[in-house]
file work-v9.cif (mmCIF, C-alpha atoms)
data_protein
loop_
_atom_site.label_atom_id
_atom_site.label_comp_id
_atom_site.auth_asym_id
_atom_site.auth_seq_id
_atom_site.Cartn_x
_atom_site.Cartn_y
_atom_site.Cartn_z
CA MET A 1 -156.18 -10.90 -169.48
CA GLY A 2 -152.83 -11.39 -167.78
CA LEU A 3 -152.06 -13.10 -164.52
CA LEU A 4 -154.56 -12.50 -161.74
CA ASN A 5 -153.67 -12.47 -158.05
CA PHE A 6 -156.87 -13.84 -156.62
CA THR A 7 -157.08 -17.04 -158.66
CA ARG A 8 -155.05 -19.32 -160.85
CA ASP A 9 -158.06 -20.78 -162.65
CA PRO A 10 -159.47 -19.15 -165.81
CA VAL A 11 -162.19 -16.65 -165.04
CA PRO A 12 -165.72 -17.32 -166.45
CA GLU A 13 -166.56 -15.45 -169.65
CA ALA A 14 -169.46 -13.57 -168.15
CA VAL A 15 -167.21 -11.66 -165.76
CA SER A 16 -165.93 -9.01 -168.15
CA GLY A 17 -169.50 -8.30 -169.27
CA ASP A 18 -170.54 -7.94 -165.64
CA MET A 19 -167.67 -5.55 -164.95
CA GLN A 20 -168.82 -3.35 -167.86
CA SER A 21 -172.33 -3.28 -166.38
CA LEU A 22 -170.81 -2.17 -163.10
CA ASN A 23 -168.96 0.63 -164.86
CA GLN A 24 -172.37 1.92 -165.99
CA LEU A 25 -173.44 2.49 -162.37
CA SER A 26 -172.96 5.92 -160.81
CA ALA A 27 -170.41 6.29 -158.01
CA GLN A 28 -173.26 6.52 -155.49
CA GLN A 29 -174.95 3.35 -156.75
CA PHE A 30 -171.65 1.47 -156.76
CA SER A 31 -170.89 2.55 -153.20
CA ALA A 32 -174.36 1.43 -152.03
CA LEU A 33 -173.90 -1.95 -153.72
CA THR A 34 -170.42 -2.33 -152.22
CA GLU A 35 -171.85 -1.66 -148.76
CA VAL A 36 -174.45 -4.40 -149.18
CA LEU A 37 -171.74 -6.80 -150.34
CA PHE A 38 -169.40 -6.15 -147.44
CA ARG A 39 -172.19 -6.40 -144.91
CA PHE A 40 -172.84 -9.89 -146.27
CA LEU A 41 -169.14 -10.84 -146.31
CA THR A 42 -168.69 -9.82 -142.68
CA GLU A 43 -171.87 -11.68 -141.62
CA PRO A 44 -172.09 -14.65 -143.98
CA LYS A 45 -174.94 -16.25 -142.04
CA GLU A 46 -177.34 -13.41 -142.91
CA VAL A 47 -178.30 -14.79 -146.33
CA GLU A 48 -181.97 -13.74 -146.12
CA ARG A 49 -181.04 -10.18 -145.30
CA PHE A 50 -178.49 -10.06 -148.11
CA LEU A 51 -181.04 -11.23 -150.69
CA THR A 52 -183.62 -8.71 -149.41
CA GLN A 53 -181.10 -5.85 -149.62
CA LEU A 54 -180.12 -6.91 -153.14
CA SER A 55 -183.70 -6.93 -154.31
CA ASP A 56 -184.28 -3.51 -152.68
CA PHE A 57 -181.23 -2.18 -154.55
CA ALA A 58 -182.55 -3.63 -157.81
CA THR A 59 -185.95 -2.00 -157.34
CA MET A 60 -184.57 1.39 -156.29
CA ASN A 61 -182.17 1.60 -159.23
CA LYS A 62 -184.51 0.03 -161.78
CA ILE A 63 -182.22 -2.93 -162.53
CA SER A 64 -183.59 -6.43 -162.96
CA LEU A 65 -182.72 -8.81 -160.10
CA GLY A 66 -181.51 -11.71 -162.27
CA PRO A 67 -178.64 -9.86 -163.99
CA LEU A 68 -177.82 -8.13 -160.72
CA LYS A 69 -177.34 -11.47 -159.00
CA ASN A 70 -174.95 -12.55 -161.75
CA ILE A 71 -172.98 -9.34 -161.40
CA VAL A 72 -172.75 -9.85 -157.65
CA LYS A 73 -171.54 -13.42 -158.18
CA SER A 74 -168.76 -12.13 -160.41
CA ILE A 75 -167.69 -9.43 -157.99
CA LEU A 76 -167.61 -11.84 -155.03
CA LEU A 77 -165.07 -14.04 -156.81
CA VAL A 78 -162.37 -11.49 -156.08
CA PRO A 79 -162.74 -10.95 -152.31
CA ASN A 80 -163.18 -14.70 -151.70
CA GLY A 81 -159.97 -15.51 -153.54
CA ALA A 82 -158.19 -12.55 -151.99
CA LEU A 83 -159.05 -13.75 -148.49
CA LYS A 84 -157.69 -17.23 -149.16
CA ARG A 85 -154.47 -15.85 -150.52
CA ASN A 86 -153.93 -12.98 -148.06
CA LEU A 87 -153.88 -10.39 -150.87
CA SER A 88 -153.10 -6.73 -150.21
CA SER A 89 -155.53 -4.00 -151.21
CA GLU A 90 -153.13 -3.06 -154.05
CA GLN A 91 -153.43 -6.56 -155.47
CA VAL A 92 -157.22 -6.50 -155.16
CA ARG A 93 -157.32 -3.17 -157.02
CA ALA A 94 -155.02 -4.48 -159.76
CA ASP A 95 -157.20 -7.58 -160.22
CA PHE A 96 -160.40 -5.56 -160.62
CA ILE A 97 -158.71 -3.33 -163.18
CA ALA A 98 -157.43 -6.40 -165.04
CA LEU A 99 -161.00 -7.74 -165.10
CA GLY A 100 -162.25 -4.53 -166.69
CA LEU A 101 -163.57 -2.43 -163.83
CA SER A 102 -162.89 1.31 -163.99
CA GLU A 103 -159.89 2.57 -162.00
CA GLU A 104 -162.09 4.75 -159.81
CA LYS A 105 -164.41 1.94 -158.83
CA ALA A 106 -161.53 -0.53 -158.41
CA SER A 107 -159.75 1.85 -156.02
CA TYR A 108 -162.96 2.39 -154.04
CA PHE A 109 -163.55 -1.33 -153.67
CA ALA A 110 -159.92 -1.94 -152.70
CA GLU A 111 -160.19 0.70 -149.97
CA GLN A 112 -163.33 -0.93 -148.56
CA TRP A 113 -161.50 -4.24 -148.70
CA LYS A 114 -158.63 -2.83 -146.64
CA ALA A 115 -161.02 -1.45 -144.05
CA ASN A 116 -162.89 -4.72 -143.68
CA SER A 117 -160.01 -7.16 -143.97
CA PRO A 118 -159.27 -7.59 -140.22
CA THR A 119 -162.89 -8.70 -139.66
CA LEU A 120 -162.86 -10.92 -142.73
CA THR A 121 -159.54 -12.52 -141.79
CA ARG A 122 -160.79 -13.24 -138.30
CA LEU A 123 -163.88 -14.90 -139.78
CA ALA A 124 -161.75 -17.07 -142.07
CA VAL A 125 -159.51 -18.11 -139.20
CA GLY A 126 -162.59 -18.91 -137.15
CA GLN A 127 -163.75 -21.28 -139.86
CA THR A 128 -160.53 -23.24 -139.66
CA LEU A 129 -160.82 -26.83 -138.59
CA MET A 130 -160.87 -27.43 -134.85
CA ILE A 131 -160.79 -30.83 -133.24
CA ASN A 132 -163.23 -31.42 -130.39
CA GLN A 133 -163.59 -27.72 -129.78
CA LEU A 134 -164.42 -26.79 -126.22
CA ILE A 135 -167.57 -24.69 -126.33
CA ASP A 136 -168.62 -24.37 -122.74
CA MET A 137 -167.59 -25.28 -119.23
CA GLU A 138 -169.88 -25.52 -116.22
CA TRP A 139 -168.75 -26.27 -112.72
CA LYS A 140 -169.90 -26.78 -109.19
CA PHE A 141 -168.06 -27.62 -106.05
CA GLY A 142 -169.23 -28.77 -102.67
CA VAL A 143 -168.51 -30.84 -99.65
CA THR A 144 -169.11 -34.56 -99.30
CA ALA A 145 -170.95 -34.79 -96.01
CA GLY A 146 -171.13 -38.55 -95.63
CA SER A 147 -171.21 -41.84 -97.51
CA SER A 148 -172.35 -45.38 -97.00
CA GLU A 149 -168.92 -46.21 -95.64
CA LEU A 150 -168.16 -43.08 -93.66
CA GLU A 151 -170.76 -41.32 -91.58
CA LYS A 152 -168.95 -37.98 -91.50
CA VAL A 153 -166.61 -37.04 -94.31
CA GLY A 154 -166.15 -33.33 -94.97
CA SER A 155 -164.02 -33.49 -98.10
CA ILE A 156 -164.25 -30.96 -100.92
CA PHE A 157 -165.04 -32.07 -104.48
CA LEU A 158 -165.15 -30.16 -107.72
CA GLN A 159 -167.30 -31.25 -110.65
CA LEU A 160 -166.76 -30.00 -114.18
CA LYS A 161 -168.99 -30.36 -117.20
CA LEU A 162 -167.26 -29.70 -120.51
CA VAL A 163 -169.37 -29.17 -123.63
CA ILE A 164 -167.42 -30.33 -126.68
CA LYS A 165 -168.26 -29.95 -130.33
CA LYS A 166 -167.72 -33.26 -132.09
CA GLY A 167 -168.42 -32.74 -135.78
CA SER A 168 -171.91 -31.29 -135.90
CA GLN A 169 -173.06 -32.55 -132.49
CA THR A 170 -172.15 -31.53 -129.01
CA GLU A 171 -171.06 -33.96 -126.33
CA ASN A 172 -171.08 -33.40 -122.59
CA VAL A 173 -168.17 -34.72 -120.55
CA TYR A 174 -168.51 -34.89 -116.79
CA MET A 175 -165.63 -35.28 -114.39
CA GLU A 176 -164.70 -34.83 -110.80
CA LEU A 177 -161.48 -33.40 -109.44
CA THR A 178 -159.97 -33.42 -105.98
CA LEU A 179 -158.69 -30.17 -104.60
CA PRO A 180 -154.98 -30.82 -105.32
CA GLN A 181 -155.93 -31.84 -108.87
CA PHE A 182 -157.84 -28.61 -109.32
CA TYR A 183 -154.89 -26.50 -108.24
CA SER A 184 -152.54 -28.39 -110.51
CA PHE A 185 -155.02 -28.05 -113.41
CA LEU A 186 -155.27 -24.31 -112.81
CA HIS A 187 -151.49 -24.03 -112.70
CA GLU A 188 -151.11 -25.91 -116.00
CA MET A 189 -153.76 -23.79 -117.71
CA GLU A 190 -151.93 -20.65 -116.64
CA ARG A 191 -148.77 -22.03 -118.19
CA VAL A 192 -150.69 -22.68 -121.43
CA LYS A 193 -151.97 -19.11 -121.40
CA ALA A 194 -148.44 -17.77 -121.01
CA SER A 195 -147.31 -19.96 -123.88
CA LEU A 196 -150.16 -18.89 -126.18
CA GLU A 197 -149.50 -15.25 -125.37
CA SER A 198 -145.84 -15.50 -126.24
CA PHE A 199 -146.81 -16.77 -129.69
CA SER A 200 -149.47 -14.19 -130.50
CA MET B 1 -177.47 -52.85 -83.43
CA ALA B 2 -175.45 -54.17 -80.53
CA ALA B 3 -178.02 -56.85 -79.75
CA ALA B 4 -177.94 -58.18 -83.31
CA ARG B 5 -174.24 -58.51 -83.07
CA ASP B 6 -174.01 -60.70 -79.97
CA GLY B 7 -174.18 -63.73 -82.23
CA GLU B 8 -171.45 -62.20 -84.34
CA PHE B 9 -169.22 -61.64 -81.36
CA ALA B 10 -169.63 -65.31 -80.49
CA ALA B 11 -168.35 -66.11 -83.98
CA LEU B 12 -165.31 -63.92 -83.37
CA GLN B 13 -164.21 -66.26 -80.58
CA SER B 14 -163.05 -68.63 -83.34
CA LEU B 15 -160.08 -66.31 -83.72
CA LEU B 16 -158.68 -67.81 -80.54
CA LYS B 17 -157.65 -70.72 -82.70
CA ALA B 18 -155.53 -68.51 -84.97
CA PRO B 19 -151.88 -69.53 -85.36
CA SER B 20 -150.48 -66.04 -84.66
CA ARG B 21 -151.35 -62.39 -84.04
CA ASP B 22 -150.22 -61.60 -87.56
CA ALA B 23 -152.73 -64.06 -88.95
CA VAL B 24 -155.49 -62.23 -87.09
CA ARG B 25 -154.18 -58.90 -88.35
CA GLN B 26 -154.12 -60.16 -91.94
CA LEU B 27 -157.64 -61.50 -91.68
CA CYS B 28 -158.97 -58.23 -90.25
CA GLN B 29 -157.51 -56.29 -93.16
CA GLU B 30 -158.89 -58.67 -95.74
CA CYS B 31 -162.32 -58.66 -94.16
CA PHE B 32 -162.52 -54.90 -94.13
CA SER B 33 -161.38 -54.48 -97.73
CA SER B 34 -163.61 -57.16 -99.16
CA PRO B 35 -167.06 -56.16 -100.40
CA PRO B 36 -169.93 -58.17 -98.87
CA ALA B 37 -170.13 -60.24 -102.05
CA GLY B 38 -166.52 -61.39 -101.71
CA LEU B 39 -166.82 -62.65 -98.15
CA GLY B 40 -167.78 -66.18 -99.17
CA LEU B 41 -164.54 -66.63 -101.04
CA LEU B 42 -162.61 -65.17 -98.15
CA ALA B 43 -164.26 -67.62 -95.76
CA GLN B 44 -163.24 -70.59 -97.89
CA ARG B 45 -159.69 -69.36 -98.32
CA ALA B 46 -158.88 -68.09 -94.90
CA CYS B 47 -160.52 -70.47 -92.50
CA PRO B 48 -159.73 -74.15 -92.91
CA GLY B 49 -157.92 -74.02 -89.60
CA LEU B 50 -159.99 -71.45 -87.71
CA ALA B 51 -163.50 -72.81 -87.99
CA ALA B 52 -164.98 -76.25 -87.56
CA ASP B 53 -167.30 -75.95 -90.57
CA PRO B 54 -167.88 -73.63 -93.53
CA GLU B 55 -170.88 -72.05 -91.82
CA LYS B 56 -168.80 -71.01 -88.81
CA ALA B 57 -166.13 -69.68 -91.19
CA GLU B 58 -168.65 -67.50 -92.96
CA GLN B 59 -170.00 -66.19 -89.66
CA LEU B 60 -166.50 -65.28 -88.53
CA VAL B 61 -165.60 -63.46 -91.71
CA SER B 62 -168.91 -61.62 -91.77
CA ALA B 63 -168.55 -60.61 -88.12
CA LEU B 64 -165.08 -59.17 -88.71
CA HIS B 65 -166.28 -57.34 -91.79
CA ASN B 66 -169.20 -55.76 -89.94
CA LEU B 67 -167.13 -54.86 -86.90
CA THR B 68 -164.38 -53.14 -88.88
CA ARG B 69 -166.83 -51.34 -91.12
CA HIS B 70 -168.89 -50.19 -88.15
CA VAL B 71 -165.84 -48.64 -86.52
CA VAL B 72 -164.77 -46.88 -89.71
CA TYR B 73 -168.33 -45.69 -90.46
CA HIS B 74 -168.79 -44.05 -87.07
CA GLY B 75 -165.27 -42.68 -87.06
CA LEU B 76 -164.41 -44.20 -83.66
CA THR B 77 -160.85 -43.31 -82.79
CA ARG B 78 -160.50 -43.98 -79.09
CA ALA B 79 -159.71 -47.36 -77.60
CA GLU B 80 -162.49 -47.00 -75.02
CA ASP B 81 -165.10 -46.53 -77.77
CA ILE B 82 -164.01 -49.68 -79.54
CA LEU B 83 -163.66 -51.72 -76.36
CA SER B 84 -167.19 -50.76 -75.34
CA LEU B 85 -168.53 -52.39 -78.49
CA PHE B 86 -167.65 -55.86 -77.22
CA PRO B 87 -170.06 -57.72 -74.89
CA GLU B 88 -169.14 -58.15 -71.18
CA ASN B 89 -168.08 -61.77 -71.27
CA PHE B 90 -165.87 -61.50 -74.37
CA HIS B 91 -162.36 -62.96 -74.09
CA GLN B 92 -160.20 -60.18 -72.61
CA ASN B 93 -156.96 -60.75 -74.55
CA LEU B 94 -158.75 -61.23 -77.87
CA LYS B 95 -160.72 -58.03 -77.23
CA ASN B 96 -157.49 -56.08 -76.62
CA LEU B 97 -155.80 -57.58 -79.66
CA LEU B 98 -158.70 -56.74 -81.99
CA THR B 99 -158.93 -53.21 -80.62
CA LYS B 100 -155.21 -52.73 -81.14
CA ILE B 101 -155.35 -54.02 -84.73
CA ILE B 102 -158.33 -51.81 -85.55
CA LEU B 103 -156.67 -48.71 -84.12
CA GLU B 104 -153.53 -49.39 -86.16
CA ASN B 105 -155.45 -49.61 -89.39
CA ILE B 106 -158.20 -47.08 -88.93
CA SER B 107 -156.72 -44.16 -90.86
CA ALA B 108 -155.63 -46.38 -93.76
CA TRP B 109 -159.15 -47.85 -93.84
CA ARG B 110 -160.74 -44.41 -93.80
CA ASN B 111 -158.62 -43.42 -96.80
CA GLU B 112 -159.56 -46.61 -98.56
CA ALA B 113 -163.26 -45.95 -97.99
CA GLN B 114 -162.92 -42.42 -99.27
CA ALA B 115 -160.98 -43.46 -102.34
CA SER B 116 -163.59 -46.00 -103.31
CA GLN B 117 -166.70 -43.90 -102.76
CA ILE B 118 -169.02 -43.29 -105.66
CA SER B 119 -168.24 -40.25 -107.76
CA LEU B 120 -168.42 -38.89 -111.24
CA PRO B 121 -165.61 -40.10 -113.52
CA GLN B 122 -162.35 -38.93 -112.02
CA LEU B 123 -159.74 -36.87 -113.79
CA VAL B 124 -156.52 -38.81 -113.47
CA ASP B 125 -154.11 -37.01 -115.77
CA MET B 126 -153.82 -34.08 -118.11
CA ASP B 127 -151.30 -33.16 -120.80
CA TRP B 128 -151.21 -30.20 -123.12
CA ARG B 129 -149.47 -28.96 -126.22
CA VAL B 130 -149.50 -25.63 -128.04
CA ASP B 131 -149.62 -25.73 -131.84
CA ILE B 132 -149.34 -22.89 -134.34
CA LYS B 133 -151.76 -23.18 -137.24
CA THR B 134 -150.00 -21.91 -140.34
CA SER B 135 -152.44 -22.67 -143.13
CA SER B 136 -155.90 -24.01 -143.88
CA ASP B 137 -158.38 -24.32 -146.73
CA SER B 138 -160.04 -21.07 -145.77
CA ILE B 139 -156.88 -19.00 -145.46
CA SER B 140 -153.50 -19.89 -146.88
CA ARG B 141 -151.18 -18.05 -144.52
CA MET B 142 -151.70 -17.45 -140.82
CA ALA B 143 -149.98 -17.90 -137.49
CA VAL B 144 -152.67 -18.77 -135.00
CA PRO B 145 -151.66 -20.46 -131.75
CA THR B 146 -154.03 -23.06 -130.37
CA CYS B 147 -153.94 -25.43 -127.42
CA LEU B 148 -154.59 -29.16 -127.45
CA LEU B 149 -155.49 -30.56 -124.07
CA GLN B 150 -155.61 -34.27 -123.32
CA LEU B 151 -157.66 -35.32 -120.31
CA LYS B 152 -157.46 -38.86 -118.96
CA ILE B 153 -160.67 -39.76 -117.22
CA LYS B 154 -161.26 -42.85 -115.14
CA GLU B 155 -164.74 -44.28 -114.83
CA ASP B 156 -166.37 -44.82 -111.44
CA VAL B 157 -164.24 -47.19 -109.36
CA ALA B 158 -167.28 -48.95 -107.93
CA LEU B 159 -168.44 -49.91 -111.43
CA CYS B 160 -165.18 -51.21 -112.80
CA GLY B 161 -163.68 -52.88 -109.75
CA ASN B 162 -160.18 -54.03 -110.52
CA SER B 163 -160.07 -53.07 -114.19
CA PRO B 164 -160.83 -49.37 -114.36
CA VAL B 165 -161.69 -47.96 -117.76
CA VAL B 166 -159.59 -44.92 -118.53
CA SER B 167 -160.61 -42.88 -121.52
CA ALA B 168 -158.53 -40.15 -123.10
CA LEU B 169 -160.24 -37.08 -124.47
CA ILE B 170 -158.48 -34.48 -126.60
CA VAL B 171 -159.97 -31.02 -126.59
CA GLU B 172 -158.89 -28.02 -128.64
CA LEU B 173 -159.00 -24.56 -127.11
CA SER B 174 -158.54 -21.24 -128.83
CA LYS B 175 -156.95 -18.39 -126.92
CA GLU B 176 -160.35 -16.82 -126.23
CA THR B 177 -161.77 -20.09 -124.91
CA LEU B 178 -158.76 -20.54 -122.67
CA ASP B 179 -159.11 -17.02 -121.28
CA THR B 180 -162.76 -17.60 -120.48
CA MET B 181 -161.92 -20.95 -118.88
CA LEU B 182 -159.22 -19.38 -116.74
CA GLU B 183 -161.67 -16.73 -115.62
CA GLY B 184 -164.02 -19.48 -114.45
CA LEU B 185 -161.23 -21.42 -112.74
CA GLY B 186 -160.06 -18.23 -111.04
CA ARG B 187 -163.54 -17.69 -109.65
CA ILE B 188 -163.55 -21.23 -108.29
CA ARG B 189 -160.21 -20.58 -106.60
CA ASP B 190 -161.47 -17.36 -105.06
CA GLN B 191 -164.58 -19.07 -103.71
CA LEU B 192 -162.50 -21.93 -102.35
CA SER B 193 -160.25 -19.54 -100.44
CA ALA B 194 -163.32 -17.69 -99.15
CA VAL B 195 -164.69 -20.98 -97.82
CA ALA B 196 -161.32 -21.93 -96.35
CA ASN B 197 -160.96 -18.63 -94.57
CA LYS B 198 -164.36 -18.73 -92.89
#
call {"tool": "encode", "arguments": {"input": "work-v9.cif", "output": "structure tokens"}}
result
Amino acid sequence: MGLLNFTRDPVPEAVSGDMQSLNQLSAQQFSALTEVLFRFLTEPKEVERFLTQLSDFATMNKISLGPLKNIVKSILLVPNGALKRNLSSEQVRADFIALGLSEEKASYFAEQWKANSPTLTRLAVGQTLMINQLIDMEWKFGVTAGSSELEKVGSIFLQLKLVIKKGSQTENVYMELTLPQFYSFLHEMERVKASLESFS
Amino acid sequence: MAAARDGEFAALQSLLKAPSRDAVRQLCQECFSSPPAGLGLLAQRACPGLAADPEKAEQLVSALHNLTRHVVYHGLTRAEDILSLFPENFHQNLKNLLTKIILENISAWRNEAQASQISLPQLVDMDWRVDIKTSSDSISRMAVPTCLLQLKIKEDVALCGNSPVVSALIVELSKETLDTMLEGLGRIRDQLSAVANK
């Protein structure tokens, strides 16, 4: 089969058979199937919807669902590997051709890949490990009117609640800042923003 | 309140036996700073010479504590206000000395009271670093900047006393999160200046 771009491991036997089945589809059917696939890839949480759309496709085109699912599994190998390895649309096209898909269909898929790759890349980056990710921040500020030691105070306080994702749970962290601390915190965060922007 | 404190003022007369003005000054400061629970210890330590018996020592220390705290609580800043607290027949020189000592210390004591009031955990320090993520299991080549922020938070002073517990929390922020956070902080700053300008 020659060297593939999207994977270094040997490809399962069934794949070439599945590619031949795909070649049997009309251009219209292939484009409809491709659309269903990319909708799933760009919204990977919508599994229910994906399965419903697949079964609708199977019914409409008089294909049995079981074999269709296997075909879809084979096709998905390529975009998943391509995403991990930052492949170009040329490489994706070449891989499909090497697997046995017709040139016309391979080019079509590669074009759809190119169109969707910014979204897909952003999704992959978003899945990258983050440590104690900050999810939300709530704040309130007010004036301390008095205390058990001082009848009249009149000092400003700022309270922050940070919601942090620790593994699969969220943790709330509460803290209080004085006014000078707030201004210095704001100043530091603006410096961070400038730094992040210079690297983007 | 004044009536209840006549007995206390009597106890203050023990200060006349103090070796020096500085000794009185020292005792006033210690009595203010000590929490009510610590006064017993202070009485034992500070008064072998000033009071005839431990009971008198405790009364003296407690009277000083209450007097200084009363002044700080009500925010009395004028000599006349403090002098008027003392009963008519109180020793004149001692009254003037105590008033003078209190006036000298009042702003430091106010700051001390404010610093030790109850609050949520306090932010004491923050450090940050910007990393560039170059690779991960989901995508082998990328250049995504991210910020790591370390916040040092000190638990409530009143709970920990002399050994405050400081915990360090590291939080990761993406560029989008940081932008949203800065938006929020900017709104706080705008509201603060609106309040300040009123």
call {"tool": "interface_residues", "arguments": {"input": "work-v9.cif", "of": "chain A", "to": "chain B", "cutoff": "9 Å", "atoms": "only C-alpha atoms", "output": "ChimeraX atom specification"}}
result
/A:83-86,121,124-125,127-141,147-153,159,164,174-178,181-183,185-186,188-190,192-193,195-197,199-200
call {"tool": "resolve_selection", "arguments": {"input": "work-v9.cif", "expression": "the PyMOL selection byres ((chain A and resi 104) around 12)", "output": "VMD selection string"}}
result
chain A and resid 22 to 23 25 to 27 30 to 31 93 to 94 96 to 97 100 to 103 105 to 111
call {"tool": "write_last_selection", "arguments": {"input": "work-v9.cif", "atoms": "C-alpha atoms", "output": "PDB file, in the frame of the given file"}}
result
ATOM      1  CA  LEU A  22    -170.810  -2.170-163.100  1.00  0.00           C
ATOM      2  CA  ASN A  23    -168.960   0.630-164.860  1.00  0.00           C
ATOM      3  CA  LEU A  25    -173.440   2.490-162.370  1.00  0.00           C
ATOM      4  CA  SER A  26    -172.960   5.920-160.810  1.00  0.00           C
ATOM      5  CA  ALA A  27    -170.410   6.290-158.010  1.00  0.00           C
ATOM      6  CA  PHE A  30    -171.650   1.470-156.760  1.00  0.00           C
ATOM      7  CA  SER A  31    -170.890   2.550-153.200  1.00  0.00           C
ATOM      8  CA  ARG A  93    -157.320  -3.170-157.020  1.00  0.00           C
ATOM      9  CA  ALA A  94    -155.020  -4.480-159.760  1.00  0.00           C
ATOM     10  CA  PHE A  96    -160.400  -5.560-160.620  1.00  0.00           C
ATOM     11  CA  ILE A  97    -158.710  -3.330-163.180  1.00  0.00           C
ATOM     12  CA  GLY A 100    -162.250  -4.530-166.690  1.00  0.00           C
ATOM     13  CA  LEU A 101    -163.570  -2.430-163.830  1.00  0.00           C
ATOM     14  CA  SER A 102    -162.890   1.310-163.990  1.00  0.00           C
ATOM     15  CA  GLU A 103    -159.890   2.570-162.000  1.00  0.00           C
ATOM     16  CA  LYS A 105    -164.410   1.940-158.830  1.00  0.00           C
ATOM     17  CA  ALA A 106    -161.530  -0.530-158.410  1.00  0.00           C
ATOM     18  CA  SER A 107    -159.750   1.850-156.020  1.00  0.00           C
ATOM     19  CA  TYR A 108    -162.960   2.390-154.040  1.00  0.00           C
ATOM     20  CA  PHE A 109    -163.550  -1.330-153.670  1.00  0.00           C
ATOM     21  CA  ALA A 110    -159.920  -1.940-152.700  1.00  0.00           C
ATOM     22  CA  GLU A 111    -160.190   0.700-149.970  1.00  0.00           C
TER      23      GLU A 111
END
call {"tool": "atom_distance", "arguments": {"input": "work-v9.cif", "atom1": "CA of Ala145 (chain A)", "atom2": "CA of Phe157 (chain A)"}}
result
10.7 Å
call {"tool": "atom_distance", "arguments": {"input": "work-v9.cif", "atom1": "CA of Glu8 (chain B)", "atom2": "CA of Leu76 (chain B)"}}
result
19.3 Å
call {"tool": "atom_distance", "arguments": {"input": "work-v9.cif", "atom1": "CA of Val195 (chain B)", "atom2": "CA of Gly142 (chain A)"}}
result
10.2 Å
call {"tool": "resolve_selection", "arguments": {"input": "work-v9.cif", "expression": "the PyMOL selection byres ((chain B and resi 33-43) around 9)", "output": "list of chain:residue names"}}
result
B:Leu27, B:Cys28, B:Gln29, B:Glu30, B:Cys31, B:Phe32, B:Gln44, B:Arg45, B:Ala46, B:Cys47, B:Pro48, B:Pro54, B:Glu55, B:Lys56, B:Ala57, B:Glu58, B:Gln59, B:Leu60, B:Val61, B:Ser62, B:His65, B:Trp109, B:Glu112, B:Ala113
call {"tool": "residues_around", "arguments": {"input": "work-v9.cif", "residues": "region 67-77 of chain A", "least_positions_apart": "3", "cutoff": "7 Å", "atoms": "only C-alpha atoms", "output": "ChimeraX atom specification"}}
result
/A:15,18,64,80-81
call {"tool": "residues_around", "arguments": {"input": "work-v9.cif", "residues": "region 44-51 of chain A", "least_positions_apart": "2", "cutoff": "12 Å", "atoms": "all atoms listed in the file", "output": "compact mmCIF listing (two decimals) with C-alpha atoms, in the frame of the given file"}}
result
# COMPACT_ATOMS: atom_id res chain seq x y z
CA LEU A 33 -173.90 -1.95 -153.72
CA THR A 34 -170.42 -2.33 -152.22
CA GLU A 35 -171.85 -1.66 -148.76
CA VAL A 36 -174.45 -4.40 -149.18
CA LEU A 37 -171.74 -6.80 -150.34
CA PHE A 38 -169.40 -6.15 -147.44
CA ARG A 39 -172.19 -6.40 -144.91
CA PHE A 40 -172.84 -9.89 -146.27
CA LEU A 41 -169.14 -10.84 -146.31
CA THR A 42 -168.69 -9.82 -142.68
CA GLN A 53 -181.10 -5.85 -149.62
CA LEU A 54 -180.12 -6.91 -153.14
CA SER A 55 -183.70 -6.93 -154.31
CA ASP A 56 -184.28 -3.51 -152.68
CA PHE A 57 -181.23 -2.18 -154.55
CA ALA A 58 -182.55 -3.63 -157.81
CA LEU A 65 -182.72 -8.81 -160.10
CA GLY A 66 -181.51 -11.71 -162.27
CA LEU A 68 -177.82 -8.13 -160.72
CA LYS A 69 -177.34 -11.47 -159.00
CA VAL A 72 -172.75 -9.85 -157.65
CA ASN A 80 -163.18 -14.70 -151.70
CA THR A 119 -162.89 -8.70 -139.66
CA LEU A 120 -162.86 -10.92 -142.73
CA LEU A 123 -163.88 -14.90 -139.78
CA ALA A 124 -161.75 -17.07 -142.07
CA GLN A 127 -163.75 -21.28 -139.86
call {"tool": "resolve_selection", "arguments": {"input": "work-v9.cif", "expression": "the PyMOL selection byres ((chain B and resi 102) around 10)", "output": "list in words"}}
result
Arg25, Cys28, Gln29, Leu67, Thr68, Val71, Val72, Leu76, Thr77, Ala79, Ile82, Asn96, Leu97, Leu98, Thr99, Lys100, Ile101, Leu103, Glu104, Asn105, Ile106, Ser107 and Trp109 of chain B
call {"tool": "axis_aligned_box", "arguments": {"input": "work-v9.cif", "around": "region 152-170 of chain A", "padding_each_side": "8 Å", "output": "AutoDock Vina command-line options"}}
result
--center_x -168.5 --center_y -33.6 --center_z -113.7 --size_x 25.0 --size_y 24.8 --size_z 60.4
call {"tool": "residues_around", "arguments": {"input": "work-v9.cif", "residues": "Phe6 (chain A)", "least_positions_apart": "2", "cutoff": "8 Å", "atoms": "all atoms listed in the file", "output": "compact mmCIF listing (two decimals) with C-alpha atoms, in the coordinates of the input"}}
result
# COMPACT_ATOMS: atom_id res chain seq x y z
CA LEU A 4 -154.56 -12.50 -161.74
CA ARG A 8 -155.05 -19.32 -160.85
CA VAL A 78 -162.37 -11.49 -156.08
CA PRO A 79 -162.74 -10.95 -152.31
CA GLY A 81 -159.97 -15.51 -153.54
CA ALA A 82 -158.19 -12.55 -151.99
CA ARG A 85 -154.47 -15.85 -150.52
CA LEU A 87 -153.88 -10.39 -150.87
CA VAL A 92 -157.22 -6.50 -155.16
CA ASP A 95 -157.20 -7.58 -160.22
call {"tool": "closest_residue", "arguments": {"input": "work-v9.cif", "among": "A:Gln28, A:Asn116, A:Ser16, A:Ser89", "to": "Asn61 (chain A)", "atoms": "all atoms listed in the file"}}
result
A:Gln28
